[in-house]
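Asker: One structure, as structure tokens, below. Some questions next.
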Number of protein chains: 2
Amino acid sequence: MDEEAAQDQPQPRTIEEIAAETGVSVTTVRLVINGQAERYRISARTRQTIEAYVAKHGYVIDHAGRSLKLRRSDAVGCIVPDLANAHFARLIAELEEQCRGRGLVLLAASTHEKPERERQTVSGLIARGVDGIIIAPCEQPDPSRFVRRGQRRVATVVIDRAFPKTLFPTVVGDNEASARRLTEQIMAESGGDVFFLCARPKMPSIAARIRGFAEALGAAGVEARLLCEPEEDTAATGRRLMGDLLATLGGPPRSFISSSLLILEGAIQALSDRFGGVPRDIILGTFDHHPLMELASNRVLSVRQDTSGLADAAFTCLVEQMDGHSEEVAAGLRVIAGTLYADRQPI
Amino acid sequence: MDEEAAQDQPQPRTIEEIAAETGVSVTTVRLVINGQAERYRISARTRQTIEAYVAKHGYVIDHAGRSLKLRRSDAVGCIVPDLANAHFARLIAELEEQCRGRGLVLLAASTHEKPERERQTVSGLIARGVDGIIIAPCEQPDPSRFVRRGQRRVATVVIDRAFPKTLFPTVVGDNEASARRLTEQIMAESGGDVFFLCARPKMPSIAARIRGFAEALGAAGVEARLLCEPEEDTAATGRRLMGDLLATLGGPPRSFISSSLLILEGAIQALSDRFGGVPRDIILGTFDHHPLMELASNRVLSVRQDTSGLADAAFTCLVEQMDGHSEEVAAGLRVIAGTLYADRQPI
DNA sequence: CTGTTAGCGCTTTCAG
DNA sequence: CTGAAAGCGCTAACAG
């Protein structure tokens, strides 16, 4: 009924219009609309008048006006290197869920690892008035860029990548420890014969994995077996690195670890090109678990990051800052443990 | 230098403040800031004064005020069933890129296939004042929900799922034709022994695939070999469907097609449980290509949707409506062809 | 060429 | 319990 009526009548209106139509003041209307009727003891009669009118015509608040007045948008920005990347996509999905729970909306943006683009994106989001930013940065973020209108810094949390100077609250996976465990396990299973194919070794998350890898090798007295590409984290890189490795070894390695899914894809291509498929006895090690890895008949050791743990921690931290009546939030590092899986089982 | 100065001075200011400080009017300031100095022939002197001031102190526009006045947010909302799903994540990534190119920002939201949530999300985004909505809906979208303030309908394009009544401009993949080609190819390679495991057969995209599958089977005079689950598109479903199939056949099928990556994952699990891996001679057919499928030693026939083509078409259509000085945009259907791949080669 | 002014819709004192 | 009025920052007439 009401639904029907709403379609005929002029659509949702402003508070002011509702006030005019119902013959009360905007304050009164606003009070009942915002559910504060009780608190201000609006008379039941006027209250019902208003509620009836709204039920009939509908009303949706205009956030633009609200934002302008409140200097608050109830929006948070999330900046990641690549929205299509499975890891970041999951992160975004979790964060959007959290946002929804608190009536916030999520602005998603990508940088493609370009620092300049990242800076512009940050400024852009701040100009949009976001109340908070969650960022997986491609460079050490500069706090002075996270301020608006001389106000204090916009709530910010860095996720996934811990740059040396932790100037912001930061939430990351336990890359170093995971890498160490993964490497140890692989060495145990492969007899110590393991290589690490990686791109962008300067990225803090990758650097941590390299450290973990090196520690495990060092503890076992094995020399470093690292193949690196400074920049391009692409399948093409993975292909090239694996190609190099095959050329060097003259045959397939017993096992290898790839620093990202893209590198793994490339490595698979190189192996397929050479052997018509991935030799079944190669042990695969990876940090970005994907269910399709089960397609391989190979032994797969993978670290599954606790994506939802990361998102939860990051969001909680963000909200603390946003609600923050407290002055400063500590710019600490929060590490979320991942889990090592062998094929489909956690070990 | 300027950078340095900017850090000492009070941060970015309002147009009004800049006007006061530089001793000119807000109009003048606005004109030069918006790059319309030429057009209104602002004198070089005042112009330089302003530019110098801005260069020194910086200025970022406040979108809240702008939105309120212009009734336009330069934001578009994108609503998909699941942001973590590879297909939608790619779509989101492409769309964000497009948005960026036009100075728009992207609000991302998910529905998890819940109609009620979808409706709320639409209303929410409209209340936020988005200028456009791109939606992969889980139900026939109701145009009356896409209006704001009695104004005409917010620019909207439906993507990925063509419901029977095409009330909005709609951009989808060529699911039916792709499915037919895929099925024909698989039958040619497997001797006609092919099954289709699918979830949510009522979804228009899935329904189209089922039609294509049935057509190919019909043309070859083979009976329907469809295993369906009405709702849950999950790995658990895929596992169950494959389990049922194995029980029925008493052994692995020669080939099967899965309606989604999740179904494929589940099917793989069921096969692994039963045979300790995916029997190598099974031919895999799928609609959501993923590079990791190369891990399989199996023959893989997959339809790769032209994600960026979909995104381009959808965005173009959206922009037409947003800029639309023309009255109505035709609510037509735009079909984007996918490509059939055998292993890594298009065929 | 430049300045003044009136709102956009909302919230928030401050008065009744 | 309810109303009036100011103002958030921006833009777009309209005057000079």
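Scheme for the structure tokens: letters A, B, ... for chains in order shown; per-chain residue numbers from 1; ligand numbers from 1 in order shown.
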Could you list the residues in chain C lying within 9 Å of chain A, using only C-alpha atoms (C1' of nucleotides), and format the result as a list in words?
Answerer: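 The contacting residues on chain C are DC8, DG9, DC10 and DT11 of chain C.
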Asker: With 12 Å as the limit and counting only C-alpha atoms (C1' of nucleotides), what residues in chain A lie close to chain D? Please list them as a VMD selection string.
Answerer: chain A and resid 19 23 to 31 37 to 47 64 to 72 149
Asker: Could you turn the residues from that selection into a file that holds N, CA and C atoms, as a PDB file, in the first residue's frame?
Answerer:
```
ATOM      1  N   ALA A  19       8.752  19.306   6.740  1.00  0.00           N
ATOM      2  CA  ALA A  19       8.326  20.235   7.790  1.00  0.00           C
ATOM      3  C   ALA A  19       7.179  21.104   7.277  1.00  0.00           C
ATOM      4  N   GLY A  23       3.481  20.890   8.646  1.00  0.00           N
ATOM      5  CA  GLY A  23       3.202  22.045   9.485  1.00  0.00           C
ATOM      6  C   GLY A  23       3.975  22.104  10.787  1.00  0.00           C
ATOM      7  N   VAL A  24       5.138  21.429  10.822  1.00  0.00           N
ATOM      8  CA  VAL A  24       5.974  21.571  12.012  1.00  0.00           C
ATOM      9  C   VAL A  24       7.332  22.130  11.592  1.00  0.00           C
ATOM     10  N   SER A  25       8.216  22.246  12.526  1.00  0.00           N
ATOM     11  CA  SER A  25       9.519  22.831  12.174  1.00  0.00           C
ATOM     12  C   SER A  25      10.522  21.763  11.759  1.00  0.00           C
ATOM     13  N   VAL A  26      11.562  22.198  11.112  1.00  0.00           N
ATOM     14  CA  VAL A  26      12.583  21.268  10.655  1.00  0.00           C
ATOM     15  C   VAL A  26      13.223  20.533  11.828  1.00  0.00           C
ATOM     16  N   THR A  27      13.417  21.227  12.896  1.00  0.00           N
ATOM     17  CA  THR A  27      14.011  20.588  14.070  1.00  0.00           C
ATOM     18  C   THR A  27      13.188  19.377  14.485  1.00  0.00           C
ATOM     19  N   THR A  28      11.914  19.593  14.594  1.00  0.00           N
ATOM     20  CA  THR A  28      11.034  18.512  15.019  1.00  0.00           C
ATOM     21  C   THR A  28      11.116  17.337  14.055  1.00  0.00           C
ATOM     22  N   VAL A  29      11.034  17.660  12.793  1.00  0.00           N
ATOM     23  CA  VAL A  29      11.112  16.601  11.790  1.00  0.00           C
ATOM     24  C   VAL A  29      12.417  15.830  11.930  1.00  0.00           C
ATOM     25  N   ARG A  30      13.469  16.577  12.020  1.00  0.00           N
ATOM     26  CA  ARG A  30      14.770  15.929  12.106  1.00  0.00           C
ATOM     27  C   ARG A  30      14.849  15.011  13.329  1.00  0.00           C
ATOM     28  N   LEU A  31      14.330  15.507  14.445  1.00  0.00           N
ATOM     29  CA  LEU A  31      14.361  14.730  15.673  1.00  0.00           C
ATOM     30  C   LEU A  31      13.662  13.381  15.485  1.00  0.00           C
ATOM     31  N   ALA A  37      13.096  11.147  18.908  1.00  0.00           N
ATOM     32  CA  ALA A  37      11.805  11.655  19.365  1.00  0.00           C
ATOM     33  C   ALA A  37      11.653  11.449  20.877  1.00  0.00           C
ATOM     34  N   GLU A  38      11.991  10.240  21.314  1.00  0.00           N
ATOM     35  CA  GLU A  38      11.884   9.908  22.732  1.00  0.00           C
ATOM     36  C   GLU A  38      12.640  10.939  23.570  1.00  0.00           C
ATOM     37  N   ARG A  39      13.880  11.035  23.183  1.00  0.00           N
ATOM     38  CA  ARG A  39      14.810  11.804  24.002  1.00  0.00           C
ATOM     39  C   ARG A  39      14.330  13.246  24.201  1.00  0.00           C
ATOM     40  N   TYR A  40      13.740  13.796  23.167  1.00  0.00           N
ATOM     41  CA  TYR A  40      13.303  15.182  23.278  1.00  0.00           C
ATOM     42  C   TYR A  40      11.808  15.268  23.537  1.00  0.00           C
ATOM     43  N   ARG A  41      11.232  14.112  23.810  1.00  0.00           N
ATOM     44  CA  ARG A  41       9.823  14.032  24.167  1.00  0.00           C
ATOM     45  C   ARG A  41       8.908  14.792  23.214  1.00  0.00           C
ATOM     46  N   ILE A  42       9.093  14.481  21.959  1.00  0.00           N
ATOM     47  CA  ILE A  42       8.184  15.030  20.966  1.00  0.00           C
ATOM     48  C   ILE A  42       6.790  14.445  21.229  1.00  0.00           C
ATOM     49  N   SER A  43       5.784  15.238  21.125  1.00  0.00           N
ATOM     50  CA  SER A  43       4.436  14.742  21.407  1.00  0.00           C
ATOM     51  C   SER A  43       4.083  13.632  20.426  1.00  0.00           C
ATOM     52  N   ALA A  44       3.385  12.655  20.945  1.00  0.00           N
ATOM     53  CA  ALA A  44       3.061  11.493  20.127  1.00  0.00           C
ATOM     54  C   ALA A  44       2.309  11.896  18.854  1.00  0.00           C
ATOM     55  N   ARG A  45       1.534  12.944  18.975  1.00  0.00           N
ATOM     56  CA  ARG A  45       0.718  13.328  17.829  1.00  0.00           C
ATOM     57  C   ARG A  45       1.583  13.858  16.674  1.00  0.00           C
ATOM     58  N   THR A  46       2.362  14.852  16.959  1.00  0.00           N
ATOM     59  CA  THR A  46       3.206  15.405  15.899  1.00  0.00           C
ATOM     60  C   THR A  46       4.128  14.316  15.365  1.00  0.00           C
ATOM     61  N   ARG A  47       4.574  13.521  16.271  1.00  0.00           N
ATOM     62  CA  ARG A  47       5.480  12.452  15.861  1.00  0.00           C
ATOM     63  C   ARG A  47       4.800  11.524  14.856  1.00  0.00           C
ATOM     64  N   ALA A  64      25.175  14.836   1.102  1.00  0.00           N
ATOM     65  CA  ALA A  64      26.013  15.986   0.740  1.00  0.00           C
ATOM     66  C   ALA A  64      25.866  17.094   1.776  1.00  0.00           C
ATOM     67  N   GLY A  65      24.617  17.421   2.078  1.00  0.00           N
ATOM     68  CA  GLY A  65      24.383  18.463   3.066  1.00  0.00           C
ATOM     69  C   GLY A  65      24.950  18.070   4.423  1.00  0.00           C
ATOM     70  N   ARG A  66      24.701  16.830   4.781  1.00  0.00           N
ATOM     71  CA  ARG A  66      25.175  16.328   6.056  1.00  0.00           C
ATOM     72  C   ARG A  66      26.692  16.424   6.156  1.00  0.00           C
ATOM     73  N   SER A  67      27.360  15.980   5.112  1.00  0.00           N
ATOM     74  CA  SER A  67      28.813  16.009   5.091  1.00  0.00           C
ATOM     75  C   SER A  67      29.327  17.431   5.251  1.00  0.00           C
ATOM     76  N   LEU A  68      28.704  18.303   4.506  1.00  0.00           N
ATOM     77  CA  LEU A  68      29.180  19.678   4.517  1.00  0.00           C
ATOM     78  C   LEU A  68      29.115  20.246   5.926  1.00  0.00           C
ATOM     79  N   LYS A  69      28.005  19.985   6.583  1.00  0.00           N
ATOM     80  CA  LYS A  69      27.834  20.525   7.928  1.00  0.00           C
ATOM     81  C   LYS A  69      28.729  19.827   8.937  1.00  0.00           C
ATOM     82  N   LEU A  70      28.717  18.497   8.868  1.00  0.00           N
ATOM     83  CA  LEU A  70      29.400  17.708   9.888  1.00  0.00           C
ATOM     84  C   LEU A  70      30.902  17.559   9.649  1.00  0.00           C
ATOM     85  N   ARG A  71      31.327  17.928   8.468  1.00  0.00           N
ATOM     86  CA  ARG A  71      32.736  17.718   8.106  1.00  0.00           C
ATOM     87  C   ARG A  71      33.079  16.242   8.297  1.00  0.00           C
ATOM     88  N   ARG A  72      32.202  15.432   7.821  1.00  0.00           N
ATOM     89  CA  ARG A  72      32.374  13.994   7.989  1.00  0.00           C
ATOM     90  C   ARG A  72      31.555  13.329   6.909  1.00  0.00           C
ATOM     91  N   ARG A 149      42.621  20.205   5.553  1.00  0.00           N
ATOM     92  CA  ARG A 149      42.187  21.487   6.064  1.00  0.00           C
ATOM     93  C   ARG A 149      42.787  21.870   7.408  1.00  0.00           C
TER      94      ARG A 149
END
```
Asker: What lies within 10 Å of range 194-201 of chain A using only C-alpha atoms (C1' of nucleotides), ignoring chain neighbours under 3 positions off, as a count of residues only?
Answerer: 53
Asker: As JSON, numbers by chain, list the residues of range 159-246 of chain B assigned to strand (DSSP E or B) by DSSP on the backbone atoms of this structure.
Answerer: {"B": [159, 170, 171, 172, 173, 194, 195, 196, 197, 198, 199, 226, 227, 228, 229]}
Asker: With 8 Å as the cut-off and only C-alpha atoms counted, what is the closest atom pair between each nearby residue of chain A and chain B? Distances in Å to one decimal, ordered by chain and number, as JSON lines.
Answerer:
```
{"residue": "A:Gln7", "atom": "CA", "partner": "B:Ser144", "partner_atom": "CA", "distance": 7.5}
{"residue": "A:Pro10", "atom": "CA", "partner": "B:Gly150", "partner_atom": "CA", "distance": 6.1}
{"residue": "A:Gln11", "atom": "CA", "partner": "B:Gly150", "partner_atom": "CA", "distance": 4.6}
{"residue": "A:Pro12", "atom": "CA", "partner": "B:Arg149", "partner_atom": "CA", "distance": 5.3}
{"residue": "A:Arg13", "atom": "CA", "partner": "B:Arg149", "partner_atom": "CA", "distance": 6.1}
{"residue": "A:Val60", "atom": "CA", "partner": "B:Ala127", "partner_atom": "CA", "distance": 6.0}
{"residue": "A:Ile61", "atom": "CA", "partner": "B:Ala127", "partner_atom": "CA", "distance": 6.1}
{"residue": "A:Asp62", "atom": "CA", "partner": "B:Ala127", "partner_atom": "CA", "distance": 5.6}
{"residue": "A:His63", "atom": "CA", "partner": "B:Arg128", "partner_atom": "CA", "distance": 5.3}
{"residue": "A:Ala64", "atom": "CA", "partner": "B:Leu68", "partner_atom": "CA", "distance": 5.1}
{"residue": "A:Gly65", "atom": "CA", "partner": "B:Leu68", "partner_atom": "CA", "distance": 5.8}
{"residue": "A:Ser67", "atom": "CA", "partner": "B:Ala64", "partner_atom": "CA", "distance": 6.0}
{"residue": "A:Leu68", "atom": "CA", "partner": "B:Ala64", "partner_atom": "CA", "distance": 5.1}
{"residue": "A:Asp82", "atom": "CA", "partner": "B:Ala93", "partner_atom": "CA", "distance": 7.2}
{"residue": "A:Leu83", "atom": "CA", "partner": "B:Ala93", "partner_atom": "CA", "distance": 5.0}
{"residue": "A:Ala84", "atom": "CA", "partner": "B:Arg90", "partner_atom": "CA", "distance": 4.6}
{"residue": "A:Asn85", "atom": "CA", "partner": "B:Ala89", "partner_atom": "CA", "distance": 7.7}
{"residue": "A:Ala86", "atom": "CA", "partner": "B:Ala86", "partner_atom": "CA", "distance": 6.7}
{"residue": "A:Ala89", "atom": "CA", "partner": "B:Ala84", "partner_atom": "CA", "distance": 4.9}
{"residue": "A:Arg90", "atom": "CA", "partner": "B:Ala84", "partner_atom": "CA", "distance": 4.7}
{"residue": "A:Leu91", "atom": "CA", "partner": "B:Ala84", "partner_atom": "CA", "distance": 7.9}
{"residue": "A:Ile92", "atom": "CA", "partner": "B:Leu83", "partner_atom": "CA", "distance": 7.1}
{"residue": "A:Ala93", "atom": "CA", "partner": "B:Leu83", "partner_atom": "CA", "distance": 5.0}
{"residue": "A:Glu96", "atom": "CA", "partner": "B:Ala109", "partner_atom": "CA", "distance": 6.6}
{"residue": "A:Val105", "atom": "CA", "partner": "B:Leu107", "partner_atom": "CA", "distance": 7.0}
{"residue": "A:Leu106", "atom": "CA", "partner": "B:Leu107", "partner_atom": "CA", "distance": 5.6}
{"residue": "A:Leu107", "atom": "CA", "partner": "B:Leu107", "partner_atom": "CA", "distance": 4.5}
{"residue": "A:Ala108", "atom": "CA", "partner": "B:Leu106", "partner_atom": "CA", "distance": 5.9}
{"residue": "A:Ala109", "atom": "CA", "partner": "B:Glu96", "partner_atom": "CA", "distance": 6.6}
{"residue": "A:Ser110", "atom": "CA", "partner": "B:Glu96", "partner_atom": "CA", "distance": 7.7}
{"residue": "A:Ser123", "atom": "CA", "partner": "B:Val60", "partner_atom": "CA", "distance": 7.9}
{"residue": "A:Ala127", "atom": "CA", "partner": "B:Asp62", "partner_atom": "CA", "distance": 5.6}
{"residue": "A:Arg128", "atom": "CA", "partner": "B:His63", "partner_atom": "CA", "distance": 5.3}
{"residue": "A:Gly129", "atom": "CA", "partner": "B:His63", "partner_atom": "CA", "distance": 7.1}
{"residue": "A:Ser144", "atom": "CA", "partner": "B:Gln7", "partner_atom": "CA", "distance": 7.5}
{"residue": "A:Arg148", "atom": "CA", "partner": "B:Pro12", "partner_atom": "CA", "distance": 7.4}
{"residue": "A:Arg149", "atom": "CA", "partner": "B:Pro12", "partner_atom": "CA", "distance": 5.4}
{"residue": "A:Gly150", "atom": "CA", "partner": "B:Gln11", "partner_atom": "CA", "distance": 4.7}
{"residue": "A:Glu265", "atom": "CA", "partner": "B:Leu292", "partner_atom": "CA", "distance": 6.2}
{"residue": "A:Ile268", "atom": "CA", "partner": "B:Leu295", "partner_atom": "CA", "distance": 6.8}
{"residue": "A:Gln269", "atom": "CA", "partner": "B:Glu294", "partner_atom": "CA", "distance": 7.7}
{"residue": "A:Gly277", "atom": "CA", "partner": "B:Ser297", "partner_atom": "CA", "distance": 6.2}
{"residue": "A:Val278", "atom": "CA", "partner": "B:Leu295", "partner_atom": "CA", "distance": 6.8}
{"residue": "A:Pro291", "atom": "CA", "partner": "B:Glu265", "partner_atom": "CA", "distance": 6.3}
{"residue": "A:Leu292", "atom": "CA", "partner": "B:Glu265", "partner_atom": "CA", "distance": 6.2}
{"residue": "A:Met293", "atom": "CA", "partner": "B:Leu292", "partner_atom": "CA", "distance": 6.6}
{"residue": "A:Glu294", "atom": "CA", "partner": "B:Ile268", "partner_atom": "CA", "distance": 7.2}
{"residue": "A:Leu295", "atom": "CA", "partner": "B:Ala296", "partner_atom": "CA", "distance": 5.0}
{"residue": "A:Ala296", "atom": "CA", "partner": "B:Leu295", "partner_atom": "CA", "distance": 5.0}
{"residue": "A:Ser297", "atom": "CA", "partner": "B:Gly277", "partner_atom": "CA", "distance": 6.2}
```
Asker: Do you have the CA of Val172 in chain B-CA of Ile159 in chain B distance handy?
Answerer: 5.7 Å
Asker: Which parts of range 63-296 of chain B does DSSP call helix (DSSP H, G or I) when run on the backbone here, written out as JSON, numbers by chain?
Answerer: {"B": [63, 64, 65, 66, 67, 68, 69, 70, 86, 87, 88, 89, 90, 91, 92, 93, 94, 95, 96, 97, 98, 99, 100, 101, 115, 116, 117, 118, 119, 120, 121, 122, 123, 124, 125, 126, 127, 143, 144, 145, 146, 175, 176, 177, 178, 179, 180, 181, 182, 183, 184, 185, 186, 187, 188, 189, 190, 204, 205, 206, 207, 208, 209, 210, 211, 212, 213, 214, 215, 216, 217, 218, 219, 235, 236, 237, 238, 239, 240, 241, 242, 243, 244, 245, 246, 247, 248, 249, 261, 262, 263, 264, 265, 266, 267, 268, 269, 270, 271, 272, 273, 274, 275, 291, 292, 293, 294, 295]}
Asker: Report, in Å with one decimal, the straight-line distance from CA of Val80 in chain A to CA of Glu113 in chain B.
Answerer: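 For CA of Val80 in chain A relative to CA of Glu113 in chain B, the distance reads 25.3 Å.
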Asker: Which residues are near Ile336 in chain B? Cut-off 8 Å, only C-alpha atoms (C1' of nucleotides), ignore same chain within fewer than 4 positions. Put them as a list of chain:residue names.
Answerer: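 Final neighbour list, sorted by chain and number: B:Val171, B:Val172, B:Gly173, B:Asp174, B:Asp306, B:Gly309, B:Leu310.
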Asker: Please produce an output containing N, CA and C atoms for each residue in the selection, written as a short mmCIF file (atom, residue, chain, number, x, y, z; two decimals), in the first residue's frame.
Answerer:
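The resulting file, part30.cif, is shown below:
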```
data_model
loop_
_atom_site.label_atom_id
_atom_site.label_comp_id
_atom_site.auth_asym_id
_atom_site.auth_seq_id
_atom_site.Cartn_x
_atom_site.Cartn_y
_atom_site.Cartn_z
N VAL B 171 24.75 -4.91 -20.17
CA VAL B 171 25.94 -5.42 -20.86
C VAL B 171 26.28 -6.79 -20.29
N VAL B 172 26.31 -7.79 -21.15
CA VAL B 172 26.59 -9.14 -20.67
C VAL B 172 27.54 -9.86 -21.63
N GLY B 173 28.08 -10.95 -21.15
CA GLY B 173 28.87 -11.81 -22.01
C GLY B 173 27.95 -12.65 -22.87
N ASP B 174 28.48 -13.27 -23.89
CA ASP B 174 27.65 -14.09 -24.78
C ASP B 174 27.57 -15.52 -24.24
N ASP B 306 35.47 -11.45 -21.88
CA ASP B 306 36.22 -10.25 -22.20
C ASP B 306 35.90 -9.19 -21.13
N GLY B 309 36.34 -5.68 -22.02
CA GLY B 309 35.31 -5.28 -22.97
C GLY B 309 33.99 -5.01 -22.27
N LEU B 310 33.65 -5.86 -21.33
CA LEU B 310 32.43 -5.67 -20.55
C LEU B 310 32.49 -4.34 -19.80
#
```
Asker: So how many Å separate CA of Ile134 in chain A and CA of Met322 in chain A, to one decimal?
Answerer: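 Distance reported for this atom pair: 12.1 Å.
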